[in-house]
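Asks: To be precise about what I am sending: the file is called query-v2.cif and holds mmCIF, N, CA and C atoms.
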data_my_file
loop_
_atom_site.label_atom_id
_atom_site.label_comp_id
_atom_site.auth_asym_id
_atom_site.auth_seq_id
_atom_site.Cartn_x
_atom_site.Cartn_y
_atom_site.Cartn_z
N THR A 1 -30.43 13.93 6.53
CA THR A 1 -29.64 14.43 5.43
C THR A 1 -28.17 14.40 5.83
N CYS A 2 -27.34 14.12 4.87
CA CYS A 2 -25.90 14.05 5.10
C CYS A 2 -25.19 15.01 4.14
N TRP A 3 -24.29 15.83 4.69
CA TRP A 3 -23.53 16.76 3.87
C TRP A 3 -22.05 16.49 4.01
N SER A 4 -21.31 16.78 2.97
CA SER A 4 -19.86 16.63 3.03
C SER A 4 -19.26 17.77 3.83
N LEU A 5 -18.06 17.54 4.36
CA LEU A 5 -17.39 18.60 5.11
C LEU A 5 -17.18 19.85 4.26
N PRO A 6 -16.71 19.75 3.02
CA PRO A 6 -16.57 20.97 2.21
C PRO A 6 -17.88 21.73 2.06
N THR A 7 -19.00 21.03 1.91
CA THR A 7 -20.29 21.69 1.77
C THR A 7 -20.66 22.44 3.05
N VAL A 8 -20.45 21.81 4.19
CA VAL A 8 -20.75 22.45 5.47
C VAL A 8 -19.88 23.68 5.67
N LEU A 9 -18.60 23.56 5.40
CA LEU A 9 -17.69 24.69 5.58
C LEU A 9 -18.02 25.84 4.65
N GLU A 10 -18.38 25.52 3.42
CA GLU A 10 -18.76 26.58 2.48
C GLU A 10 -20.02 27.29 2.97
N ALA A 11 -20.99 26.54 3.48
CA ALA A 11 -22.23 27.15 3.97
C ALA A 11 -21.96 28.06 5.16
N LEU A 12 -20.96 27.72 5.96
CA LEU A 12 -20.61 28.52 7.14
C LEU A 12 -19.55 29.56 6.83
N ASP A 13 -19.16 29.64 5.56
CA ASP A 13 -18.09 30.52 5.14
C ASP A 13 -16.80 30.21 5.91
N GLY A 14 -16.61 28.93 6.20
CA GLY A 14 -15.43 28.50 6.95
C GLY A 14 -14.22 28.37 6.06
N GLN A 15 -13.11 28.87 6.54
CA GLN A 15 -11.87 28.78 5.77
C GLN A 15 -10.73 28.17 6.58
N HIS A 16 -10.97 27.96 7.88
CA HIS A 16 -9.91 27.46 8.73
C HIS A 16 -10.46 26.51 9.78
N VAL A 17 -9.76 25.38 9.96
CA VAL A 17 -10.09 24.41 11.00
C VAL A 17 -8.82 24.20 11.81
N ASP A 18 -8.93 24.33 13.13
CA ASP A 18 -7.76 24.12 13.99
C ASP A 18 -7.40 22.64 14.10
N PHE A 19 -8.41 21.81 14.34
CA PHE A 19 -8.18 20.39 14.60
C PHE A 19 -9.28 19.58 13.93
N PHE A 20 -8.86 18.52 13.22
CA PHE A 20 -9.80 17.64 12.52
C PHE A 20 -9.42 16.22 12.85
N SER A 21 -10.39 15.41 13.29
CA SER A 21 -10.15 14.02 13.64
C SER A 21 -10.89 13.13 12.65
N LEU A 22 -10.18 12.12 12.14
CA LEU A 22 -10.75 11.24 11.13
C LEU A 22 -10.64 9.79 11.61
N ASP A 23 -11.78 9.13 11.76
CA ASP A 23 -11.86 7.75 12.22
C ASP A 23 -12.98 7.08 11.45
N ILE A 24 -12.63 6.46 10.33
CA ILE A 24 -13.68 5.90 9.48
C ILE A 24 -13.43 4.46 9.03
N GLU A 25 -12.60 3.77 9.78
CA GLU A 25 -12.44 2.31 9.61
C GLU A 25 -12.04 1.87 8.21
N GLY A 26 -10.93 2.40 7.71
CA GLY A 26 -10.35 1.86 6.49
C GLY A 26 -10.46 2.71 5.24
N ALA A 27 -11.31 3.71 5.23
CA ALA A 27 -11.47 4.53 4.03
C ALA A 27 -10.79 5.89 4.17
N GLU A 28 -9.82 5.97 5.08
CA GLU A 28 -9.18 7.25 5.37
C GLU A 28 -8.58 7.91 4.13
N LEU A 29 -7.86 7.15 3.35
CA LEU A 29 -7.16 7.73 2.20
C LEU A 29 -8.13 8.31 1.17
N SER A 30 -9.20 7.60 0.89
CA SER A 30 -10.15 8.14 -0.09
C SER A 30 -10.85 9.39 0.44
N VAL A 31 -11.14 9.44 1.73
CA VAL A 31 -11.77 10.62 2.31
C VAL A 31 -10.79 11.79 2.30
N LEU A 32 -9.54 11.53 2.65
CA LEU A 32 -8.53 12.60 2.62
C LEU A 32 -8.36 13.15 1.21
N ARG A 33 -8.29 12.27 0.24
CA ARG A 33 -8.15 12.74 -1.16
C ARG A 33 -9.33 13.61 -1.56
N SER A 34 -10.52 13.18 -1.21
CA SER A 34 -11.71 13.96 -1.54
C SER A 34 -11.70 15.30 -0.80
N LEU A 35 -11.35 15.27 0.47
CA LEU A 35 -11.32 16.49 1.26
C LEU A 35 -10.37 17.51 0.66
N PHE A 36 -9.15 17.11 0.35
CA PHE A 36 -8.18 18.05 -0.18
C PHE A 36 -8.48 18.46 -1.62
N ARG A 37 -9.04 17.56 -2.39
CA ARG A 37 -9.38 17.89 -3.78
C ARG A 37 -10.47 18.95 -3.83
N HIS A 38 -11.42 18.90 -2.90
CA HIS A 38 -12.57 19.80 -2.94
C HIS A 38 -12.42 21.06 -2.10
N THR A 39 -11.38 21.15 -1.29
CA THR A 39 -11.27 22.31 -0.41
C THR A 39 -10.03 23.15 -0.63
N GLU A 40 -8.98 22.58 -1.15
CA GLU A 40 -7.74 23.36 -1.33
C GLU A 40 -7.92 24.35 -2.46
N PRO A 41 -7.41 25.54 -2.39
CA PRO A 41 -6.68 26.12 -1.27
C PRO A 41 -7.56 26.93 -0.34
N ARG A 42 -8.87 26.85 -0.49
CA ARG A 42 -9.77 27.68 0.31
C ARG A 42 -9.74 27.35 1.79
N LEU A 43 -9.52 26.10 2.13
CA LEU A 43 -9.58 25.65 3.51
C LEU A 43 -8.20 25.26 4.01
N THR A 44 -7.88 25.69 5.22
CA THR A 44 -6.66 25.22 5.87
C THR A 44 -7.05 24.47 7.14
N ILE A 45 -6.36 23.38 7.37
CA ILE A 45 -6.55 22.58 8.58
C ILE A 45 -5.18 22.48 9.23
N ASP A 46 -5.07 22.95 10.47
CA ASP A 46 -3.76 22.96 11.14
C ASP A 46 -3.32 21.57 11.57
N TYR A 47 -4.16 20.86 12.29
CA TYR A 47 -3.82 19.53 12.80
C TYR A 47 -4.87 18.52 12.35
N ILE A 48 -4.40 17.34 11.95
CA ILE A 48 -5.30 16.26 11.57
C ILE A 48 -4.87 15.01 12.33
N LEU A 49 -5.80 14.43 13.07
CA LEU A 49 -5.57 13.18 13.78
C LEU A 49 -6.27 12.08 13.00
N ILE A 50 -5.52 11.06 12.61
CA ILE A 50 -6.08 10.00 11.78
C ILE A 50 -5.90 8.66 12.50
N GLU A 51 -7.02 7.97 12.72
CA GLU A 51 -6.91 6.61 13.24
C GLU A 51 -6.49 5.73 12.07
N ASP A 52 -5.37 5.08 12.22
CA ASP A 52 -4.84 4.25 11.13
C ASP A 52 -4.24 2.97 11.69
N ASP A 53 -5.08 2.20 12.36
CA ASP A 53 -4.60 0.97 12.99
C ASP A 53 -4.71 -0.24 12.07
N GLY A 54 -4.85 -0.02 10.79
CA GLY A 54 -4.96 -1.12 9.83
C GLY A 54 -3.59 -1.63 9.43
N PRO A 55 -3.51 -2.26 8.27
CA PRO A 55 -2.24 -2.82 7.79
C PRO A 55 -1.16 -1.73 7.65
N LEU A 56 0.08 -2.11 7.86
CA LEU A 56 1.19 -1.16 7.78
C LEU A 56 1.28 -0.50 6.41
N ASP A 57 0.93 -1.24 5.35
CA ASP A 57 0.98 -0.66 4.01
C ASP A 57 -0.01 0.51 3.89
N ARG A 58 -1.19 0.37 4.47
CA ARG A 58 -2.17 1.45 4.43
C ARG A 58 -1.66 2.66 5.21
N ARG A 59 -1.06 2.42 6.37
CA ARG A 59 -0.49 3.51 7.16
C ARG A 59 0.60 4.23 6.37
N ARG A 60 1.44 3.48 5.68
CA ARG A 60 2.50 4.07 4.87
C ARG A 60 1.92 4.94 3.76
N ARG A 61 0.86 4.46 3.09
CA ARG A 61 0.24 5.24 2.01
C ARG A 61 -0.40 6.53 2.55
N ILE A 62 -1.01 6.45 3.71
CA ILE A 62 -1.58 7.65 4.33
C ILE A 62 -0.46 8.64 4.66
N ASN A 63 0.62 8.15 5.26
CA ASN A 63 1.75 9.02 5.60
C ASN A 63 2.32 9.70 4.35
N GLU A 64 2.49 8.95 3.28
CA GLU A 64 3.02 9.52 2.04
C GLU A 64 2.08 10.58 1.47
N TYR A 65 0.78 10.29 1.51
CA TYR A 65 -0.18 11.25 0.98
C TYR A 65 -0.17 12.52 1.81
N MET A 66 -0.17 12.37 3.12
CA MET A 66 -0.18 13.55 3.99
C MET A 66 1.08 14.39 3.76
N GLU A 67 2.20 13.76 3.55
CA GLU A 67 3.42 14.49 3.24
C GLU A 67 3.28 15.24 1.92
N ASP A 68 2.69 14.58 0.93
CA ASP A 68 2.50 15.20 -0.38
C ASP A 68 1.59 16.44 -0.33
N VAL A 69 0.61 16.44 0.58
CA VAL A 69 -0.30 17.59 0.67
C VAL A 69 0.15 18.60 1.72
N GLY A 70 1.36 18.43 2.25
CA GLY A 70 1.93 19.46 3.11
C GLY A 70 1.81 19.27 4.60
N TYR A 71 1.75 18.03 5.06
CA TYR A 71 1.65 17.75 6.49
C TYR A 71 2.81 16.88 6.96
N ASP A 72 3.26 17.16 8.17
CA ASP A 72 4.32 16.37 8.80
C ASP A 72 3.75 15.64 10.01
N ILE A 73 4.34 14.50 10.31
CA ILE A 73 3.93 13.75 11.50
C ILE A 73 4.42 14.47 12.74
N VAL A 74 3.51 14.68 13.67
CA VAL A 74 3.86 15.26 14.97
C VAL A 74 4.11 14.14 15.96
N GLU A 75 3.19 13.16 15.97
CA GLU A 75 3.31 12.06 16.92
C GLU A 75 2.54 10.85 16.41
N VAL A 76 3.12 9.67 16.64
CA VAL A 76 2.45 8.42 16.33
C VAL A 76 2.02 7.82 17.66
N LEU A 77 0.72 7.65 17.82
CA LEU A 77 0.16 7.08 19.04
C LEU A 77 -0.14 5.61 18.77
N GLU A 78 -0.77 4.95 19.69
CA GLU A 78 -1.02 3.52 19.54
C GLU A 78 -1.76 3.19 18.24
N ILE A 79 -2.87 3.87 18.00
CA ILE A 79 -3.63 3.59 16.78
C ILE A 79 -3.91 4.85 15.97
N ASP A 80 -3.34 5.97 16.35
CA ASP A 80 -3.57 7.24 15.67
C ASP A 80 -2.25 7.89 15.29
N THR A 81 -2.31 8.72 14.27
CA THR A 81 -1.16 9.55 13.91
C THR A 81 -1.65 11.00 13.84
N LEU A 82 -0.88 11.88 14.48
CA LEU A 82 -1.21 13.31 14.48
C LEU A 82 -0.30 14.01 13.48
N TYR A 83 -0.91 14.77 12.57
CA TYR A 83 -0.19 15.51 11.54
C TYR A 83 -0.36 17.01 11.78
N ARG A 84 0.66 17.75 11.40
CA ARG A 84 0.63 19.21 11.50
C ARG A 84 0.93 19.80 10.13
N ARG A 85 0.13 20.78 9.75
CA ARG A 85 0.33 21.43 8.45
C ARG A 85 1.65 22.18 8.44
N ARG A 86 2.43 21.97 7.40
CA ARG A 86 3.68 22.71 7.25
C ARG A 86 3.39 24.18 7.03
N ASN A 87 4.30 25.01 7.39
CA ASN A 87 4.18 26.46 7.17
C ASN A 87 2.99 27.08 7.88
N MET A 88 2.66 26.54 9.05
CA MET A 88 1.58 27.14 9.84
C MET A 88 2.05 28.48 10.36
N ARG A 89 1.13 29.42 10.39
CA ARG A 89 1.46 30.74 10.93
C ARG A 89 1.08 30.81 12.37
#
What does this structure look like when you write it as structure tokens?
Replies:
Amino acid sequence: TCWSLPTVLEALDGQHVDFFSLDIEGAELSVLRSLFRHTEPRLTIDYILIEDDGPLDRRRRINEYMEDVGYDIVEVLEIDTLYRRRNMR
């Protein structure tokens, strides 16, 4: 059986994730959109590491989306980008 992250977090009464890593070979943006659409504002994620070694246009779209949902780039690594949620307490 396969469950979505929002479903698992709801079952565990989870509201906060310190670190989330996403490596899904090209579908990052659609997964991020689904994640934020189904969990905001109940869930907060402090740091998100995204493998985005695809085309530069895809990386740019991911960066723009992450900025739109309240995340800033902390560091760009060889094939990953680390984001930090703005206004973290």
Asks: Enumerate, as a PDB file with N, CA and C atoms, in the frame of the given file, the residues matched when the PyMOL selection byres ((chain A and resi 44-53) around 5) is run on the file above.
Replies:
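File out_1.pdb, as written:
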ATOM      1  N   GLN A  15     -13.110  28.870   6.540  1.00  0.00           N
ATOM      2  CA  GLN A  15     -11.870  28.780   5.770  1.00  0.00           C
ATOM      3  C   GLN A  15     -10.730  28.170   6.580  1.00  0.00           C
ATOM      4  N   HIS A  16     -10.970  27.960   7.880  1.00  0.00           N
ATOM      5  CA  HIS A  16      -9.910  27.460   8.730  1.00  0.00           C
ATOM      6  C   HIS A  16     -10.460  26.510   9.780  1.00  0.00           C
ATOM      7  N   VAL A  17      -9.760  25.380   9.960  1.00  0.00           N
ATOM      8  CA  VAL A  17     -10.090  24.410  11.000  1.00  0.00           C
ATOM      9  C   VAL A  17      -8.820  24.200  11.810  1.00  0.00           C
ATOM     10  N   ASP A  18      -8.930  24.330  13.130  1.00  0.00           N
ATOM     11  CA  ASP A  18      -7.760  24.120  13.990  1.00  0.00           C
ATOM     12  C   ASP A  18      -7.400  22.640  14.100  1.00  0.00           C
ATOM     13  N   PHE A  19      -8.410  21.810  14.340  1.00  0.00           N
ATOM     14  CA  PHE A  19      -8.180  20.390  14.600  1.00  0.00           C
ATOM     15  C   PHE A  19      -9.280  19.580  13.930  1.00  0.00           C
ATOM     16  N   PHE A  20      -8.860  18.520  13.220  1.00  0.00           N
ATOM     17  CA  PHE A  20      -9.800  17.640  12.520  1.00  0.00           C
ATOM     18  C   PHE A  20      -9.420  16.220  12.850  1.00  0.00           C
ATOM     19  N   SER A  21     -10.390  15.410  13.290  1.00  0.00           N
ATOM     20  CA  SER A  21     -10.150  14.020  13.640  1.00  0.00           C
ATOM     21  C   SER A  21     -10.890  13.130  12.650  1.00  0.00           C
ATOM     22  N   LEU A  22     -10.180  12.120  12.140  1.00  0.00           N
ATOM     23  CA  LEU A  22     -10.750  11.240  11.130  1.00  0.00           C
ATOM     24  C   LEU A  22     -10.640   9.790  11.610  1.00  0.00           C
ATOM     25  N   ASP A  23     -11.780   9.130  11.760  1.00  0.00           N
ATOM     26  CA  ASP A  23     -11.860   7.750  12.220  1.00  0.00           C
ATOM     27  C   ASP A  23     -12.980   7.080  11.450  1.00  0.00           C
ATOM     28  N   ARG A  42      -8.870  26.850  -0.490  1.00  0.00           N
ATOM     29  CA  ARG A  42      -9.770  27.680   0.310  1.00  0.00           C
ATOM     30  C   ARG A  42      -9.740  27.350   1.790  1.00  0.00           C
ATOM     31  N   LEU A  43      -9.520  26.100   2.130  1.00  0.00           N
ATOM     32  CA  LEU A  43      -9.580  25.650   3.510  1.00  0.00           C
ATOM     33  C   LEU A  43      -8.200  25.260   4.010  1.00  0.00           C
ATOM     34  N   GLY A  54      -4.850  -0.020  10.790  1.00  0.00           N
ATOM     35  CA  GLY A  54      -4.960  -1.120   9.830  1.00  0.00           C
ATOM     36  C   GLY A  54      -3.590  -1.630   9.430  1.00  0.00           C
ATOM     37  N   PRO A  55      -3.510  -2.260   8.270  1.00  0.00           N
ATOM     38  CA  PRO A  55      -2.240  -2.820   7.790  1.00  0.00           C
ATOM     39  C   PRO A  55      -1.160  -1.730   7.650  1.00  0.00           C
ATOM     40  N   ILE A  79      -2.870   3.870  18.000  1.00  0.00           N
ATOM     41  CA  ILE A  79      -3.630   3.590  16.780  1.00  0.00           C
ATOM     42  C   ILE A  79      -3.910   4.850  15.970  1.00  0.00           C
ATOM     43  N   ASP A  80      -3.340   5.970  16.350  1.00  0.00           N
ATOM     44  CA  ASP A  80      -3.570   7.240  15.670  1.00  0.00           C
ATOM     45  C   ASP A  80      -2.250   7.890  15.290  1.00  0.00           C
ATOM     46  N   THR A  81      -2.310   8.720  14.270  1.00  0.00           N
ATOM     47  CA  THR A  81      -1.160   9.550  13.910  1.00  0.00           C
ATOM     48  C   THR A  81      -1.650  11.000  13.840  1.00  0.00           C
ATOM     49  N   LEU A  82      -0.880  11.880  14.480  1.00  0.00           N
ATOM     50  CA  LEU A  82      -1.210  13.310  14.480  1.00  0.00           C
ATOM     51  C   LEU A  82      -0.300  14.010  13.480  1.00  0.00           C
ATOM     52  N   TYR A  83      -0.910  14.770  12.570  1.00  0.00           N
ATOM     53  CA  TYR A  83      -0.190  15.510  11.540  1.00  0.00           C
ATOM     54  C   TYR A  83      -0.360  17.010  11.780  1.00  0.00           C
ATOM     55  N   ARG A  84       0.660  17.750  11.400  1.00  0.00           N
ATOM     56  CA  ARG A  84       0.630  19.210  11.500  1.00  0.00           C
ATOM     57  C   ARG A  84       0.930  19.800  10.130  1.00  0.00           C
ATOM     58  N   ARG A  85       0.130  20.780   9.750  1.00  0.00           N
ATOM     59  CA  ARG A  85       0.330  21.430   8.450  1.00  0.00           C
ATOM     60  C   ARG A  85       1.650  22.180   8.440  1.00  0.00           C
TER      61      ARG A  85
END
Asks: Neighbours of stretch 28-34 of chain A within 10 Å (only C-alpha atoms; same-chain residues fewer than 4 positions away dropped), as an MDAnalysis selection string?
Replies: chainID A and resid 4:6 22:24 38:39 50:52 58:59 61:63 65:66 69
Asks: Work out how far atom CA of A:Leu9 is from atom CA of A:Leu35, in Å to one decimal.
Replies: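 Straight-line distance from atom CA of A:Leu35 to atom CA of A:Leu9 works out to 11.2 Å.
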Asks: Got a sec to tell me which of stretch 22-68 of chain A DSSP assigns to strand (DSSP E), as a list in words?
Replies: Leu22, Thr44, Ile45, Asp46, Tyr47, Ile48, Leu49, Ile50 and Glu51 of chain A
Asks: Using DSSP on the backbone coordinates, identify all residues within chain A classified as helix (DSSP H, G or I); present the result as an MDAnalysis selection string.
Replies: chainID A and resid 5:11 28:39 56:68
Asks: Please compute the atom CA of A:Met88-atom CA of A:Arg60 distance, one decimal, in Å.
Replies: 23.6 Å
Asks: Mind giving me the straight-line distance from atom CA of A:Ala11 to atom CA of A:Gly70 in Å, one decimal?
Replies: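 Atom CA of A:Gly70 lies at a distance of 25.4 Å from atom CA of A:Ala11.
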